[in-house]
>>> print(open('model_3.cif').read())   # mmCIF, C-alpha atoms
data_upload
#
loop_
_atom_site.group_PDB
_atom_site.id
_atom_site.type_symbol
_atom_site.label_atom_id
_atom_site.label_comp_id
_atom_site.auth_asym_id
_atom_site.auth_seq_id
_atom_site.Cartn_x
_atom_site.Cartn_y
_atom_site.Cartn_z
ATOM 1 C CA MET T 259 -12.811 -13.701 -11.291
ATOM 2 C CA LYS T 260 -11.471 -14.638 -7.869
ATOM 3 C CA LYS T 261 -8.579 -16.589 -9.399
ATOM 4 C CA HIS T 262 -7.167 -13.296 -10.720
ATOM 5 C CA ILE T 263 -7.216 -11.473 -7.372
ATOM 6 C CA PRO T 264 -3.838 -12.793 -6.077
ATOM 7 C CA ASN T 265 -2.180 -11.962 -9.414
ATOM 8 C CA ILE T 266 -3.588 -8.430 -9.320
ATOM 9 C CA ILE T 267 -2.117 -8.024 -5.831
ATOM 10 C CA THR T 268 1.209 -9.354 -7.137
ATOM 11 C CA LEU T 269 1.127 -6.739 -9.897
ATOM 12 C CA GLY T 270 0.775 -4.175 -7.119
ATOM 13 C CA ASN T 271 4.106 -5.453 -5.798
ATOM 14 C CA LEU T 272 5.641 -5.110 -9.254
ATOM 15 C CA SER T 273 4.237 -1.599 -9.678
ATOM 16 C CA CYS T 274 5.785 -0.535 -6.380
ATOM 17 C CA GLY T 275 9.078 -2.067 -7.476
ATOM 18 C CA ILE T 276 9.129 -0.177 -10.776
ATOM 19 C CA VAL T 277 8.584 3.159 -9.037
ATOM 20 C CA ALA T 278 11.139 2.254 -6.340
ATOM 21 C CA VAL T 279 13.781 1.581 -9.030
ATOM 22 C CA MET T 280 13.140 5.043 -10.496
ATOM 23 C CA MET T 281 13.294 6.674 -7.069
ATOM 24 C CA ALA T 282 16.535 4.866 -6.191
ATOM 25 C CA TYR T 283 18.132 5.878 -9.495
ATOM 26 C CA GLU T 284 17.279 9.499 -8.778
ATOM 27 C CA GLY T 285 18.756 9.193 -5.279
ATOM 28 C CA CYS T 286 15.367 9.571 -3.577
ATOM 29 C CA PHE T 287 16.042 6.742 -1.150
ATOM 30 C CA GLU T 288 13.356 7.569 1.390
ATOM 31 C CA GLN T 289 10.641 7.464 -1.262
ATOM 32 C CA ALA T 290 12.149 4.255 -2.655
ATOM 33 C CA LEU T 291 12.019 2.730 0.824
ATOM 34 C CA TRP T 292 8.308 3.348 1.202
ATOM 35 C CA PHE T 293 7.543 1.904 -2.216
ATOM 36 C CA VAL T 294 9.576 -1.190 -1.318
ATOM 37 C CA VAL T 295 7.624 -1.467 1.952
ATOM 38 C CA GLY T 296 4.441 -1.277 -0.124
ATOM 39 C CA GLY T 297 5.765 -3.979 -2.422
ATOM 40 C CA VAL T 298 6.642 -6.221 0.515
ATOM 41 C CA LEU T 299 3.111 -5.825 1.876
ATOM 42 C CA PHE T 300 1.618 -6.735 -1.502
ATOM 43 C CA ASP T 301 3.993 -9.721 -1.591
ATOM 44 C CA PHE T 302 2.689 -10.866 1.799
ATOM 45 C CA PHE T 303 -0.985 -10.472 0.933
ATOM 46 C CA ASP T 304 -0.925 -12.089 -2.520
ATOM 47 C CA GLY T 305 0.056 -15.448 -1.018
ATOM 48 C CA MET T 306 -2.492 -15.027 1.770
ATOM 49 C CA ALA T 307 -5.218 -14.215 -0.748
ATOM 50 C CA ALA T 308 -4.312 -17.245 -2.874
ATOM 51 C CA ARG T 309 -4.557 -19.548 0.155
ATOM 52 C CA LEU T 310 -7.798 -18.056 1.451
ATOM 53 C CA LEU T 311 -9.452 -18.214 -1.968
ATOM 54 C CA GLY T 312 -8.002 -21.628 -2.781
ATOM 55 C CA VAL T 313 -6.620 -20.423 -6.109
ATOM 56 C CA SER T 314 -2.879 -21.032 -5.767
ATOM 57 C CA SER T 315 -1.289 -21.674 -9.151
ATOM 58 C CA ALA T 316 2.067 -22.246 -10.815
ATOM 59 C CA MET T 317 1.591 -19.040 -12.778
ATOM 60 C CA GLY T 318 1.025 -17.075 -9.573
ATOM 61 C CA LYS T 319 4.225 -18.484 -8.104
ATOM 62 C CA GLU T 320 6.257 -17.469 -11.149
ATOM 63 C CA LEU T 321 4.653 -14.027 -11.331
ATOM 64 C CA ASP T 322 5.430 -13.526 -7.651
ATOM 65 C CA SER T 323 9.122 -14.250 -8.249
ATOM 66 C CA LEU T 324 9.246 -11.908 -11.249
ATOM 67 C CA ALA T 325 7.740 -9.119 -9.158
ATOM 68 C CA ASP T 326 10.168 -9.825 -6.305
ATOM 69 C CA MET T 327 13.057 -9.697 -8.766
ATOM 70 C CA VAL T 328 12.233 -6.039 -9.399
ATOM 71 C CA THR T 329 11.129 -4.894 -5.942
ATOM 72 C CA SER T 330 13.625 -6.895 -3.898
ATOM 73 C CA GLY T 331 16.351 -7.609 -6.455
ATOM 74 C CA MET T 332 16.751 -4.652 -8.782
ATOM 75 C CA VAL T 333 16.019 -1.973 -6.189
ATOM 76 C CA PRO T 334 18.724 -2.926 -3.616
ATOM 77 C CA GLY T 335 21.191 -3.382 -6.487
ATOM 78 C CA MET T 336 20.424 0.130 -7.691
ATOM 79 C CA VAL T 337 20.722 1.480 -4.149
ATOM 80 C CA ALA T 338 24.148 -0.137 -3.706
ATOM 81 C CA TYR T 339 25.185 1.172 -7.145
ATOM 82 C CA LYS T 340 24.267 4.732 -6.181
ATOM 83 C CA MET T 341 25.826 4.524 -2.718
ATOM 84 C CA ILE T 342 29.151 3.050 -3.882
ATOM 85 C CA GLY T 343 29.535 5.387 -6.849
ATOM 86 C CA GLY T 344 32.659 5.891 -8.927
ATOM 87 C CA ASN T 345 34.476 3.121 -10.754
ATOM 88 C CA LEU T 346 33.289 0.433 -8.318
ATOM 89 C CA ALA T 347 29.598 1.326 -8.549
ATOM 90 C CA TYR T 348 28.630 -1.630 -10.728
ATOM 91 C CA ILE T 349 29.688 -4.023 -7.978
ATOM 92 C CA GLY T 350 26.367 -3.069 -6.376
ATOM 93 C CA PHE T 351 24.509 -5.094 -8.999
ATOM 94 C CA LEU T 352 25.984 -8.286 -7.573
ATOM 95 C CA ILE T 353 22.979 -8.033 -5.264
ATOM 96 C CA THR T 354 20.633 -8.147 -8.247
ATOM 97 C CA LEU T 355 22.426 -11.144 -9.770
ATOM 98 C CA PHE T 356 22.408 -13.113 -6.525
ATOM 99 C CA SER T 357 18.780 -12.145 -5.908
ATOM 100 C CA ALA T 358 17.938 -13.839 -9.211
ATOM 101 C CA LEU T 359 19.826 -16.951 -8.102
ATOM 102 C CA ARG T 360 18.090 -16.918 -4.729
ATOM 103 C CA LEU T 361 14.610 -16.616 -6.257
ATOM 104 C CA ALA T 362 15.299 -19.389 -8.763
ATOM 105 C CA LYS T 363 16.550 -21.676 -5.978
ATOM 106 C CA PHE T 364 13.529 -20.853 -3.831
ATOM 107 C CA ASN T 365 11.122 -21.859 -6.595
ATOM 108 C CA ILE T 366 12.534 -25.367 -6.885
ATOM 109 C CA ASP T 367 13.489 -26.004 -3.250
ATOM 110 C CA GLU T 368 10.768 -27.993 -1.494
ATOM 111 C CA ARG T 369 12.388 -27.394 1.914
ATOM 112 C CA GLN T 370 11.448 -23.711 2.064
ATOM 113 C CA HIS T 371 7.722 -23.860 2.736
ATOM 114 C CA GLU T 372 7.875 -23.267 6.511
ATOM 115 C CA SER T 373 11.204 -21.421 6.736
ATOM 116 C CA PHE T 374 13.922 -20.057 4.474
ATOM 117 C CA ILE T 375 17.405 -21.182 3.528
ATOM 118 C CA GLY T 376 19.463 -18.081 2.974
ATOM 119 C CA LEU T 377 18.306 -14.482 3.401
ATOM 120 C CA ALA T 378 14.985 -13.692 1.709
ATOM 121 C CA THR T 379 15.201 -10.975 -0.942
ATOM 122 C CA PRO T 380 12.655 -8.628 0.735
ATOM 123 C CA ALA T 381 14.729 -8.626 3.939
ATOM 124 C CA ASN T 382 17.870 -7.839 1.948
ATOM 125 C CA ALA T 383 16.087 -5.012 0.133
ATOM 126 C CA LEU T 384 14.917 -3.477 3.416
ATOM 127 C CA PHE T 385 18.458 -3.728 4.784
ATOM 128 C CA TRP T 386 19.880 -1.704 1.892
ATOM 129 C CA LEU T 387 17.106 0.896 1.936
ATOM 130 C CA GLY T 388 17.581 1.276 5.686
ATOM 131 C CA MET T 389 21.305 1.778 5.113
ATOM 132 C CA ALA T 390 20.729 4.361 2.398
ATOM 133 C CA VAL T 391 18.139 6.403 4.300
ATOM 134 C CA GLY T 392 19.586 5.992 7.783
ATOM 135 C CA PHE T 393 23.308 6.277 7.149
ATOM 136 C CA GLY T 394 23.686 7.791 3.685
ATOM 137 C CA GLU T 395 27.209 8.979 2.919
ATOM 138 C CA MET T 396 28.545 8.050 6.365
ATOM 139 C CA ILE T 397 29.577 4.579 5.166
ATOM 140 C CA PRO T 398 32.953 4.384 3.361
ATOM 141 C CA VAL T 399 33.155 2.762 -0.061
ATOM 142 C CA TRP T 400 35.216 -0.209 1.168
ATOM 143 C CA ALA T 401 32.511 -1.009 3.735
ATOM 144 C CA LEU T 402 29.770 -0.749 1.110
ATOM 145 C CA VAL T 403 31.635 -3.105 -1.214
ATOM 146 C CA THR T 404 32.155 -5.548 1.663
ATOM 147 C CA LEU T 405 28.464 -5.372 2.596
ATOM 148 C CA THR T 406 27.514 -5.926 -1.046
ATOM 149 C CA VAL T 407 29.551 -9.120 -1.249
ATOM 150 C CA LEU T 408 28.341 -10.311 2.177
ATOM 151 C CA SER T 409 24.656 -9.698 1.513
ATOM 152 C CA SER T 410 24.958 -11.334 -1.925
ATOM 153 C CA TRP T 411 26.409 -14.418 -0.263
ATOM 154 C CA LEU T 412 23.723 -14.451 2.419
ATOM 155 C CA LEU T 413 21.031 -14.616 -0.269
ATOM 156 C CA VAL T 414 22.299 -18.013 -1.441
ATOM 157 C CA SER T 415 23.892 -19.196 1.793
ATOM 158 C CA PRO T 416 22.924 -22.515 3.456
ATOM 159 C CA ILE T 417 21.953 -20.734 6.702
ATOM 160 C CA PRO T 418 18.371 -21.583 7.801
ATOM 161 C CA MET T 419 16.314 -18.427 8.454
ATOM 162 C CA PHE T 420 13.095 -18.519 10.463
ATOM 163 C CA SER T 421 9.856 -17.321 8.910
ATOM 164 C CA LEU T 422 7.488 -14.784 10.457
ATOM 165 C CA LYS T 423 4.426 -16.615 9.156
ATOM 166 C CA PHE T 424 2.419 -17.787 12.179
ATOM 167 C CA LYS T 425 0.227 -20.880 11.860
ATOM 168 C CA GLU T 426 -0.820 -20.542 15.494
ATOM 169 C CA TYR T 427 0.004 -17.861 18.027
ATOM 170 C CA GLY T 428 0.615 -19.715 21.296
ATOM 171 C CA LEU T 429 3.926 -19.929 23.122
ATOM 172 C CA LYS T 430 4.079 -23.730 23.244
ATOM 173 C CA ASN T 431 5.859 -23.705 19.897
ATOM 174 C CA ARG T 432 9.499 -22.687 20.500
ATOM 175 C CA ILE T 433 9.800 -20.912 17.174
ATOM 176 C CA ASN T 434 6.875 -18.689 18.162
ATOM 177 C CA VAL T 435 8.804 -17.581 21.258
ATOM 178 C CA VAL T 436 11.711 -16.643 19.002
ATOM 179 C CA ARG T 437 9.359 -14.768 16.681
ATOM 180 C CA TYR T 438 7.791 -12.757 19.505
ATOM 181 C CA ILE T 439 11.184 -11.867 20.985
ATOM 182 C CA PHE T 440 12.428 -10.809 17.565
ATOM 183 C CA LEU T 441 9.360 -8.662 16.916
ATOM 184 C CA LEU T 442 9.642 -6.940 20.303
ATOM 185 C CA LEU T 443 13.354 -6.241 19.844
ATOM 186 C CA SER T 444 12.684 -5.009 16.315
ATOM 187 C CA LEU T 445 10.025 -2.613 17.544
ATOM 188 C CA GLY T 446 12.475 -1.288 20.130
ATOM 189 C CA LEU T 447 15.176 -0.756 17.499
ATOM 190 C CA LEU T 448 12.803 1.068 15.159
ATOM 191 C CA ILE T 449 11.529 3.321 17.954
ATOM 192 C CA ALA T 450 15.035 4.057 19.224
ATOM 193 C CA PHE T 451 16.871 4.494 15.918
ATOM 194 C CA GLY T 452 14.239 5.275 13.292
ATOM 195 C CA TYR T 453 15.350 4.484 9.751
ATOM 196 C CA ARG T 454 18.734 3.276 10.989
ATOM 197 C CA GLY T 455 16.930 0.709 13.088
ATOM 198 C CA LEU T 456 15.596 -0.943 9.925
ATOM 199 C CA SER T 457 19.036 -2.217 8.912
ATOM 200 C CA MET T 458 19.686 -3.225 12.517
ATOM 201 C CA VAL T 459 16.495 -5.299 12.498
ATOM 202 C CA ILE T 460 17.697 -7.283 9.482
ATOM 203 C CA VAL T 461 21.119 -7.808 11.090
ATOM 204 C CA LEU T 462 19.344 -9.017 14.248
ATOM 205 C CA TYR T 463 17.248 -11.397 12.159
ATOM 206 C CA VAL T 464 20.342 -12.910 10.524
ATOM 207 C CA LEU T 465 22.165 -13.243 13.865
ATOM 208 C CA ILE T 466 19.207 -14.936 15.587
ATOM 209 C CA SER T 467 18.730 -17.293 12.634
ATOM 210 C CA ALA T 468 22.430 -18.194 12.566
ATOM 211 C CA GLY T 469 22.434 -18.671 16.350
ATOM 212 C CA MET T 470 19.461 -21.026 16.128
ATOM 213 C CA ALA T 471 21.164 -23.009 13.369
ATOM 214 C CA ILE T 472 24.310 -23.415 15.495
ATOM 215 C CA TYR T 473 22.293 -24.325 18.600
ATOM 216 C CA GLU T 474 20.282 -26.990 16.754
ATOM 217 C CA LYS T 475 23.460 -28.682 15.541
#
>>> encode(input="model_3.cif", output="structure tokens")
Amino acid sequence: MKKHIPNIITLGNLSCGIVAVMMAYEGCFEQALWFVVGGVLFDFFDGMAARLLGVSSAMGKELDSLADMVTSGMVPGMVAYKMIGGNLAYIGFLITLFSALRLAKFNIDERQHESFIGLATPANALFWLGMAVGFGEMIPVWALVTLTVLSSWLLVSPIPMFSLKFKEYGLKNRINVVRYIFLLLSLGLLIAFGYRGLSMVIVLYVLISAGMAIYEK
């Protein structure tokens, strides 16, 4: 029975994603955001459960990617589609296409166990939901199209992105210092700017990751 527990949690992620797609299509972005947050939490805990129970499997890995494709691939594409509107609306689904590419690359890339290469799909999804809820119609179409292309590229970019998965919590590890600073700054942004702060947090994450990559060269 215990071998099925991680997959059941993963299906929770997928369920949240399905509802979030419906909410996004109806323009209910705030509700969609909370279902995506729920999906991201399920996505975090299914891997943890698999490791704790010692039941990691190839099937679980594939199911996880399929669930992420909906929650973190289809949802932000739908959000961009609704926000752009008009004749250019379908450009928003570039995000969905590049999310599929990113997830496929992740599954076969052995380098991405401790960190990421390119922006993870859940982070990209939270960025777009934060934009939709926090800024709404304030963003001009040309900016939305530009952000669509940029975020699609970031998904498959060669930029190393640090992970928030702690193996130990001390400050001797330099990456832990970066993680703690990021988390504190993120908390400040969310407190100060509310929903708008969510998109700012993802931008901060990308900038810190890119800065670390440049520094390490």
>>> resolve_selection(input="model_3.cif", expression="the PyMOL selection byres ((chain T and resi 320) around 12)", output="number ranges by chain")
T: 265, 268-269, 314-319, 321-327, 361-362, 364-366
>>> residues_around(input="model_3.cif", residues="Thr379 in chain T", least_positions_apart="5", cutoff="8 Å", atoms="all atoms listed in the file", output="MDAnalysis selection string")
chainID T and resid 326 330:331 357 360:361 413
>>> residues_around(input="model_3.cif", residues="Ile417 in chain T", least_positions_apart="5", cutoff="9 Å", atoms="only C-alpha atoms", output="list in words")
Phe374, Ile375, Gly376, Leu377, Leu412, Val464, Ser467, Ala468 and Ala471 of chain T
>>> atom_distance(input="model_3.cif", atom1="CA of Lys261 in chain T", atom2="CA of Val313 in chain T")
5.4 Å
>>> residues_around(input="model_3.cif", residues="Lys260 in chain T", least_positions_apart="4", cutoff="10 Å", atoms="only C-alpha atoms", output="ChimeraX atom specification")
/T:264-265,307-308,311-313
>>> residues_around(input="model_3.cif", residues="range 381-395 of chain T", least_positions_apart="4", cutoff="8 Å", atoms="only C-alpha atoms", output="list in words")
Phe287, Glu288, Ala290, Leu291, Val294, Val295, Thr329, Ser330, Gly331, Val333, Pro334, Val337, Ala338, Met341, Leu377, Ser409, Leu413, Gly452, Tyr453, Arg454, Gly455, Leu456, Ser457, Met458, Ile460 and Val461 of chain T
>>> closest_residue(input="model_3.cif", among="T:Gln289, T:Ser415, T:Asn271, T:Ser410", to="Gly305 in chain T", atoms="all atoms listed in the file")
T:Asn271
>>> closest_residue(input="model_3.cif", among="T:Ala378, T:Val328, T:Val414, T:Ile449", to="Lys363 in chain T", atoms="all atoms listed in the file")
T:Val414
>>> closest_residue(input="model_3.cif", among="T:Val403, T:Ile472, T:Val279, T:Met306", to="Gly344 in chain T", atoms="only C-alpha atoms")
T:Val403
>>> closest_residue(input="model_3.cif", among="T:Ile276, T:Leu359, T:Lys423, T:Gly285", to="Phe303 in chain T", atoms="only C-alpha atoms")
T:Lys423
>>> atom_distance(input="model_3.cif", atom1="CA of Leu352 in chain T", atom2="CA of Pro418 in chain T")
21.7 Å
